[in-house]
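*Asks:* Supplied structure: final27.pdb, PDB, C-alpha atoms and all ligand atoms.
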```
ATOM      1  CA  MET A 298     -19.549 -63.011-214.078
ATOM      2  CA  ARG A 299     -16.852 -61.460-211.939
ATOM      3  CA  ILE A 300     -18.431 -59.498-209.073
ATOM      4  CA  GLN A 301     -16.608 -57.109-206.788
ATOM      5  CA  PHE A 302     -18.226 -55.545-203.770
ATOM      6  CA  GLU A 303     -17.572 -54.650-200.179
ATOM      7  CA  LEU A 304     -18.868 -57.049-197.543
ATOM      8  CA  ASN A 305     -18.807 -55.962-193.920
ATOM      9  CA  GLY A 306     -16.017 -53.530-194.689
ATOM     10  CA  GLN A 307     -13.841 -55.995-196.619
ATOM     11  CA  PRO A 308     -13.400 -56.227-200.393
ATOM     12  CA  VAL A 309     -14.855 -59.388-201.965
ATOM     13  CA  GLU A 310     -14.351 -60.684-205.497
ATOM     14  CA  ILE A 311     -16.203 -63.785-206.699
ATOM     15  CA  ASP A 312     -17.338 -65.490-209.889
ATOM     16  CA  GLN A 313     -21.100 -66.043-209.953
ATOM     17  CA  PRO A 314     -23.917 -66.330-212.470
ATOM     18  CA  PRO A 315     -25.332 -62.799-212.752
ATOM     19  CA  MET A 316     -28.751 -63.844-211.472
ATOM     20  CA  ALA A 317     -27.461 -65.747-208.431
ATOM     21  CA  ARG A 318     -29.375 -64.453-205.414
ATOM     22  CA  LEU A 319     -27.414 -62.476-202.871
ATOM     23  CA  VAL A 320     -28.850 -64.590-200.020
ATOM     24  CA  ASP A 321     -27.347 -67.740-201.588
ATOM     25  CA  VAL A 322     -23.998 -66.103-202.288
ATOM     26  CA  LEU A 323     -23.799 -64.945-198.669
ATOM     27  CA  ARG A 324     -24.906 -68.204-197.076
ATOM     28  CA  ILE A 325     -23.528 -70.851-199.427
ATOM     29  CA  GLU A 326     -20.544 -69.259-201.175
ATOM     30  CA  LEU A 327     -19.313 -67.030-198.362
ATOM     31  CA  GLY A 328     -20.524 -68.995-195.322
ATOM     32  CA  LEU A 329     -22.320 -66.069-193.671
ATOM     33  CA  THR A 330     -25.341 -67.930-192.356
ATOM     34  CA  GLY A 331     -26.568 -65.118-190.109
ATOM     35  CA  THR A 332     -28.699 -63.987-193.043
ATOM     36  CA  LYS A 333     -31.808 -66.208-193.046
ATOM     37  CA  GLU A 334     -34.144 -67.267-195.814
ATOM     38  CA  GLY A 335     -37.822 -67.559-194.919
ATOM     39  CA  CYS A 336     -40.220 -67.058-197.793
ATOM     40  CA  GLY A 337     -37.767 -66.476-200.635
ATOM     41  CA  GLU A 338     -40.327 -64.107-202.149
ATOM     42  CA  GLY A 339     -39.722 -60.723-200.558
ATOM     43  CA  GLU A 340     -42.523 -61.105-198.003
ATOM     44  CA  CYS A 341     -40.934 -61.924-194.632
ATOM     45  CA  GLY A 342     -37.789 -59.803-194.247
ATOM     46  CA  ALA A 343     -35.720 -62.662-192.759
ATOM     47  CA  CYS A 344     -33.103 -62.194-195.476
ATOM     48  CA  THR A 345     -32.674 -58.447-194.908
ATOM     49  CA  VAL A 346     -29.173 -57.016-195.337
ATOM     50  CA  LEU A 347     -27.991 -53.445-195.771
ATOM     51  CA  MET A 348     -26.953 -52.319-199.241
ATOM     52  CA  ASN A 349     -25.244 -48.937-199.144
ATOM     53  CA  GLY A 350     -26.939 -48.435-195.772
ATOM     54  CA  GLU A 351     -30.474 -49.290-196.917
ATOM     55  CA  ALA A 352     -32.367 -52.404-195.891
ATOM     56  CA  VAL A 353     -32.957 -54.756-198.853
ATOM     57  CA  ASN A 354     -34.307 -58.292-199.261
ATOM     58  CA  SER A 355     -31.331 -60.379-200.301
ATOM     59  CA  CYS A 356     -33.630 -63.140-201.610
ATOM     60  CA  LEU A 357     -34.764 -60.787-204.364
ATOM     61  CA  LEU A 358     -31.400 -59.271-205.211
ATOM     62  CA  PRO A 359     -29.401 -60.731-208.105
ATOM     63  CA  ILE A 360     -25.698 -60.573-207.450
ATOM     64  CA  CYS A 361     -25.128 -58.545-210.643
ATOM     65  CA  GLN A 362     -26.870 -55.618-208.924
ATOM     66  CA  VAL A 363     -24.425 -55.795-206.032
ATOM     67  CA  GLN A 364     -21.456 -54.892-208.241
ATOM     68  CA  GLY A 365     -19.540 -52.088-206.500
ATOM     69  CA  ALA A 366     -21.980 -51.854-203.574
ATOM     70  CA  SER A 367     -21.342 -51.991-199.864
ATOM     71  CA  ILE A 368     -23.198 -54.854-198.147
ATOM     72  CA  THR A 369     -23.586 -55.250-194.401
ATOM     73  CA  THR A 370     -24.873 -58.480-192.863
ATOM     74  CA  ILE A 371     -25.585 -59.197-189.221
ATOM     75  CA  GLU A 372     -22.034 -60.549-188.922
ATOM     76  CA  GLY A 373     -20.766 -57.102-189.886
ATOM     77  CA  LEU A 374     -22.897 -55.353-187.313
ATOM     78  CA  GLY A 375     -21.693 -57.245-184.276
ATOM     79  CA  GLN A 376     -20.158 -60.716-184.190
ATOM     80  CA  MET A 377     -20.496 -60.999-180.420
ATOM     81  CA  ALA A 378     -23.985 -59.469-180.162
ATOM     82  CA  ASP A 379     -22.270 -56.300-178.997
ATOM     83  CA  HIS A 380     -23.963 -53.779-181.282
ATOM     84  CA  PRO A 381     -26.315 -51.511-179.278
ATOM     85  CA  MET A 382     -29.367 -52.705-181.227
ATOM     86  CA  GLN A 383     -28.440 -56.344-180.610
ATOM     87  CA  LYS A 384     -28.015 -55.605-176.916
ATOM     88  CA  SER A 385     -31.378 -53.852-176.772
ATOM     89  CA  PHE A 386     -33.114 -56.844-178.407
ATOM     90  CA  LEU A 387     -31.525 -59.164-175.859
ATOM     91  CA  GLU A 388     -32.365 -56.911-172.918
ATOM     92  CA  HIS A 389     -36.019 -56.695-173.975
ATOM     93  CA  GLY A 390     -36.489 -60.424-174.610
ATOM     94  CA  ALA A 391     -37.156 -59.584-178.267
ATOM     95  CA  VAL A 392     -35.373 -62.741-179.443
ATOM     96  CA  GLN A 393     -37.095 -66.112-179.187
ATOM     97  CA  CYS A 394     -36.301 -68.587-181.984
ATOM     98  CA  GLY A 395     -34.137 -65.851-183.503
ATOM     99  CA  PHE A 396     -34.959 -66.599-187.127
ATOM    100  CA  CYS A 397     -36.316 -63.112-187.780
ATOM    101  CA  THR A 398     -33.769 -61.348-185.585
ATOM    102  CA  PRO A 399     -30.887 -60.571-187.973
ATOM    103  CA  GLY A 400     -33.304 -59.036-190.478
ATOM    104  CA  LEU A 401     -35.143 -57.070-187.809
ATOM    105  CA  ILE A 402     -31.942 -55.725-186.303
ATOM    106  CA  LEU A 403     -30.624 -54.611-189.690
ATOM    107  CA  SER A 404     -33.968 -53.032-190.668
ATOM    108  CA  SER A 405     -34.171 -51.283-187.292
ATOM    109  CA  THR A 406     -30.624 -49.993-187.526
ATOM    110  CA  ALA A 407     -31.204 -48.569-191.008
ATOM    111  CA  PHE A 408     -34.493 -47.038-189.866
ATOM    112  CA  LEU A 409     -33.000 -45.263-186.839
ATOM    113  CA  LYS A 410     -30.327 -43.741-189.075
ATOM    114  CA  GLU A 411     -33.125 -42.190-191.130
ATOM    115  CA  ASN A 412     -35.342 -41.348-188.176
ATOM    116  CA  PRO A 413     -33.411 -41.159-184.905
ATOM    117  CA  ASN A 414     -36.442 -39.919-182.901
ATOM    118  CA  PRO A 415     -39.305 -42.166-183.974
ATOM    119  CA  THR A 416     -42.693 -42.696-182.418
ATOM    120  CA  ARG A 417     -43.769 -46.270-181.693
ATOM    121  CA  ALA A 418     -46.199 -46.042-184.611
ATOM    122  CA  GLU A 419     -43.366 -45.053-186.940
ATOM    123  CA  ILE A 420     -41.308 -48.015-185.735
ATOM    124  CA  ARG A 421     -44.233 -50.354-186.383
ATOM    125  CA  ARG A 422     -44.637 -49.008-189.905
ATOM    126  CA  ALA A 423     -40.909 -49.200-190.620
ATOM    127  CA  LEU A 424     -40.727 -52.844-189.510
ATOM    128  CA  ALA A 425     -43.947 -53.960-191.195
ATOM    129  CA  GLY A 426     -41.944 -55.919-193.774
ATOM    130  CA  ASN A 427     -40.178 -58.021-191.144
ATOM    131  CA  LEU A 428     -42.349 -60.853-189.867
ATOM    132  CA  CYS A 429     -41.905 -62.567-186.504
ATOM    133  CA  ARG A 430     -43.994 -65.585-185.560
ATOM    134  CA  CYS A 431     -42.793 -65.759-181.936
ATOM    135  CA  THR A 432     -42.711 -62.505-180.043
ATOM    136  CA  GLY A 433     -45.969 -60.724-180.812
ATOM    137  CA  TYR A 434     -43.865 -57.715-181.871
ATOM    138  CA  GLN A 435     -44.307 -55.626-178.703
ATOM    139  CA  LYS A 436     -40.906 -56.555-177.304
ATOM    140  CA  ILE A 437     -39.299 -55.791-180.646
ATOM    141  CA  ILE A 438     -40.959 -52.373-180.823
ATOM    142  CA  ASN A 439     -39.857 -51.682-177.248
ATOM    143  CA  ALA A 440     -36.285 -52.729-178.055
ATOM    144  CA  VAL A 441     -36.070 -50.359-181.004
ATOM    145  CA  TYR A 442     -37.848 -47.546-179.186
ATOM    146  CA  ASP A 443     -35.621 -47.783-176.127
ATOM    147  CA  GLU A 444     -32.510 -47.980-178.305
ATOM    148  CA  ALA A 445     -33.633 -44.784-180.082
ATOM    149  CA  PHE A 446     -34.216 -43.082-176.746
ATOM    150  CA  ALA A 447     -31.326 -44.664-174.905
ATOM    151  CA  LYS A 448     -30.494 -41.220-173.592
ATOM    152  CA  GLY A 449     -33.771 -41.170-171.684
ATOM    153  CA  GLU A 450     -35.899 -38.906-173.903
ATOM    154  CA  GLU A 451     -39.556 -39.918-174.291
ATOM    155  CA  LYS A 452     -41.919 -39.396-177.203
TER     156      LYS A 452
HETATM  157  S1  LIG B   1     -36.668 -64.665-197.445
HETATM  158 FE1  LIG B   1     -36.416 -62.735-198.357
HETATM  159  S2  LIG B   1     -38.187 -61.646-197.792
HETATM  160 FE2  LIG B   1     -38.545 -63.654-197.034
HETATM  161  S1  LIG B   2     -38.186 -64.699-182.736
HETATM  162 FE1  LIG B   2     -38.950 -66.415-183.835
HETATM  163  S2  LIG B   2     -39.659 -65.570-185.706
HETATM  164 FE2  LIG B   2     -39.117 -63.872-184.508
END
```
Can you give me the file's structure in the form of structure tokens?
*Replies:*
Amino acid sequence: MRIQFELNGQPVEIDQPPMARLVDVLRIELGLTGTKEGCGEGECGACTVLMNGEAVNSCLLPICQVQGASITTIEGLGQMADHPMQKSFLEHGAVQCGFCTPGLILSSTAFLKENPNPTRAEIRRALAGNLCRCTGYQKIINAVYDEAFAKGEEK
């Protein structure tokens, strides 16, 4: 099946079986290995990418459903870790092994677009689908919270 979509702002056209998983197309066919695969079952959030601005699990997404969509991976957000959310994660020590980090940063970015003034509880709820086995989550929550309130407002 011929699939056309936008990937990190660039048009892409590839031939793939319709049920090929987006995570495999990104990592194997297109060489974008920033997207990770953990569980492969929609449970861990490591494979999160943005589809038309919304966080989705790319391990569950057949490529046929990506036809005409706009996909953003961590490579599209900031190749040199220069996106504000990436910087905030680094500043807060919210990255240890880093396996969960691309998914968490994309989920957090999509969430703050929806809710630019969140409480910490709202951040926790929004990121509940992204698992991290290293950090204990507090540094991640702080990174997202401080990025939301980078202008110094408290909530
Ligand atoms: S690898 Fe997709 S949710 Fe775990
Ligand atoms: S930093 Fe290792 S899983 Fe999150």
*Asks:* I need the residue set behind the PyMOL selection byres (((chain A and resi 326) around 12) and not hetatm) for this file; please write it as a list in words.
*Replies:*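 Applied to this file, the PyMOL selection byres (((chain A and resi 326) around 12) and not hetatm) returns Val309, Glu310, Ile311, Asp312, Gln313, Ala317, Arg318, Leu319, Val320, Asp321, Val322, Leu323, Arg324, Ile325, Leu327, Gly328, Leu329, Thr330 and Ile360 of chain A.
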*Asks:* May I ask which of the residues A:Ser385, A:Thr369, A:Asn305, A:Asn349 is the closest one to Lys436 of chain A, counting only C-alpha atoms?
*Replies:*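 The answer is A:Ser385, which sits nearest to Lys436 of chain A.
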*Asks:* Output, as AutoDock Vina command-line options, the centre and edge lengths in Å (one decimal) of the axis-aligned box that contains all listed atoms of segment 344-354 of chain A with 3 Å of margin on each side.
*Replies:*
```
--center_x -29.8 --center_y -55.3 --center_z -197.1 --size_x 15.1 --size_y 19.8 --size_z 10.4
```
*Asks:* Pull out every residue that the PyMOL selection byres (((not hetatm)) within 12 of (chain B and resi 1)) matches in the shown coordinates and put them as a ChimeraX atom specification.
*Replies:* /A:318-321,332-346,352-358,396-397,399-401,404,425-429
*Asks:* Given only C-alpha atoms as the basis, pick out the residue of A:Met382, A:Cys394, A:Cys361, A:Met348 nearest to Ala440 of chain A.
*Replies:*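 Ranked by minimum distance to Ala440 of chain A, first place goes to A:Met382.
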*Asks:* Expressed in Å to a single decimal, how great is the separation between atom CA of Met316 of chain A and atom CA of Gly373 of chain A?
*Replies:*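 Here the two named atoms are 24.0 Å from each other.
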*Asks:* Can you spell out as a PyMOL selection string the set of residues that the PyMOL selection byres (((chain A and resi 439) around 10) and not hetatm) selects in the structure I just provided?
*Replies:* chain A and resi 385-386+389-391+417+420+434-438+440-445
*Asks:* Which residue is closest to ligand LIG 2 (chain B)? Choose from A:Gln301, A:Gln383, A:Ser367, A:Thr432 and count all atoms listed in the file.
*Replies:*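 Using all atoms listed in the file, ligand LIG 2 (chain B) sits closest to A:Thr432.
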*Asks:* Taking only C-alpha atoms and all ligand atoms into account, name the residue in A:Gly433, A:Pro413, A:Pro381, A:Gly395 that is nearest to ligand LIG 2 (chain B).
*Replies:* A:Gly395
*Asks:* Select, from A:Ile402, A:Glu411, A:Val392, A:Ala418, the residue with the minimum atom-to-atom distance to ligand LIG 2 (chain B), counting only C-alpha atoms and all ligand atoms.
*Replies:*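 Of A:Ile402, A:Glu411, A:Val392, A:Ala418, the one nearest ligand LIG 2 (chain B) is A:Val392, counting only C-alpha atoms and all ligand atoms.
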*Asks:* Using all atoms listed in the file, which of A:Leu409, A:Leu347, A:Ile368, A:Leu403 sits nearest Pro308 of chain A?
*Replies:* A:Ile368
*Asks:* Interatomic distance between atom CA of Thr398 of chain A and atom CA of Ile371 of chain A?
*Replies:*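 Those two atoms sit 9.2 Å apart.
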*Asks:* Record the distance separating atom CA of Val363 of chain A and atom CA of Met298 of chain A, expressed in Å with one decimal.
*Replies:*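 Taking atom CA of Val363 of chain A as the start and atom CA of Met298 of chain A as the end point, the length is 11.9 Å.
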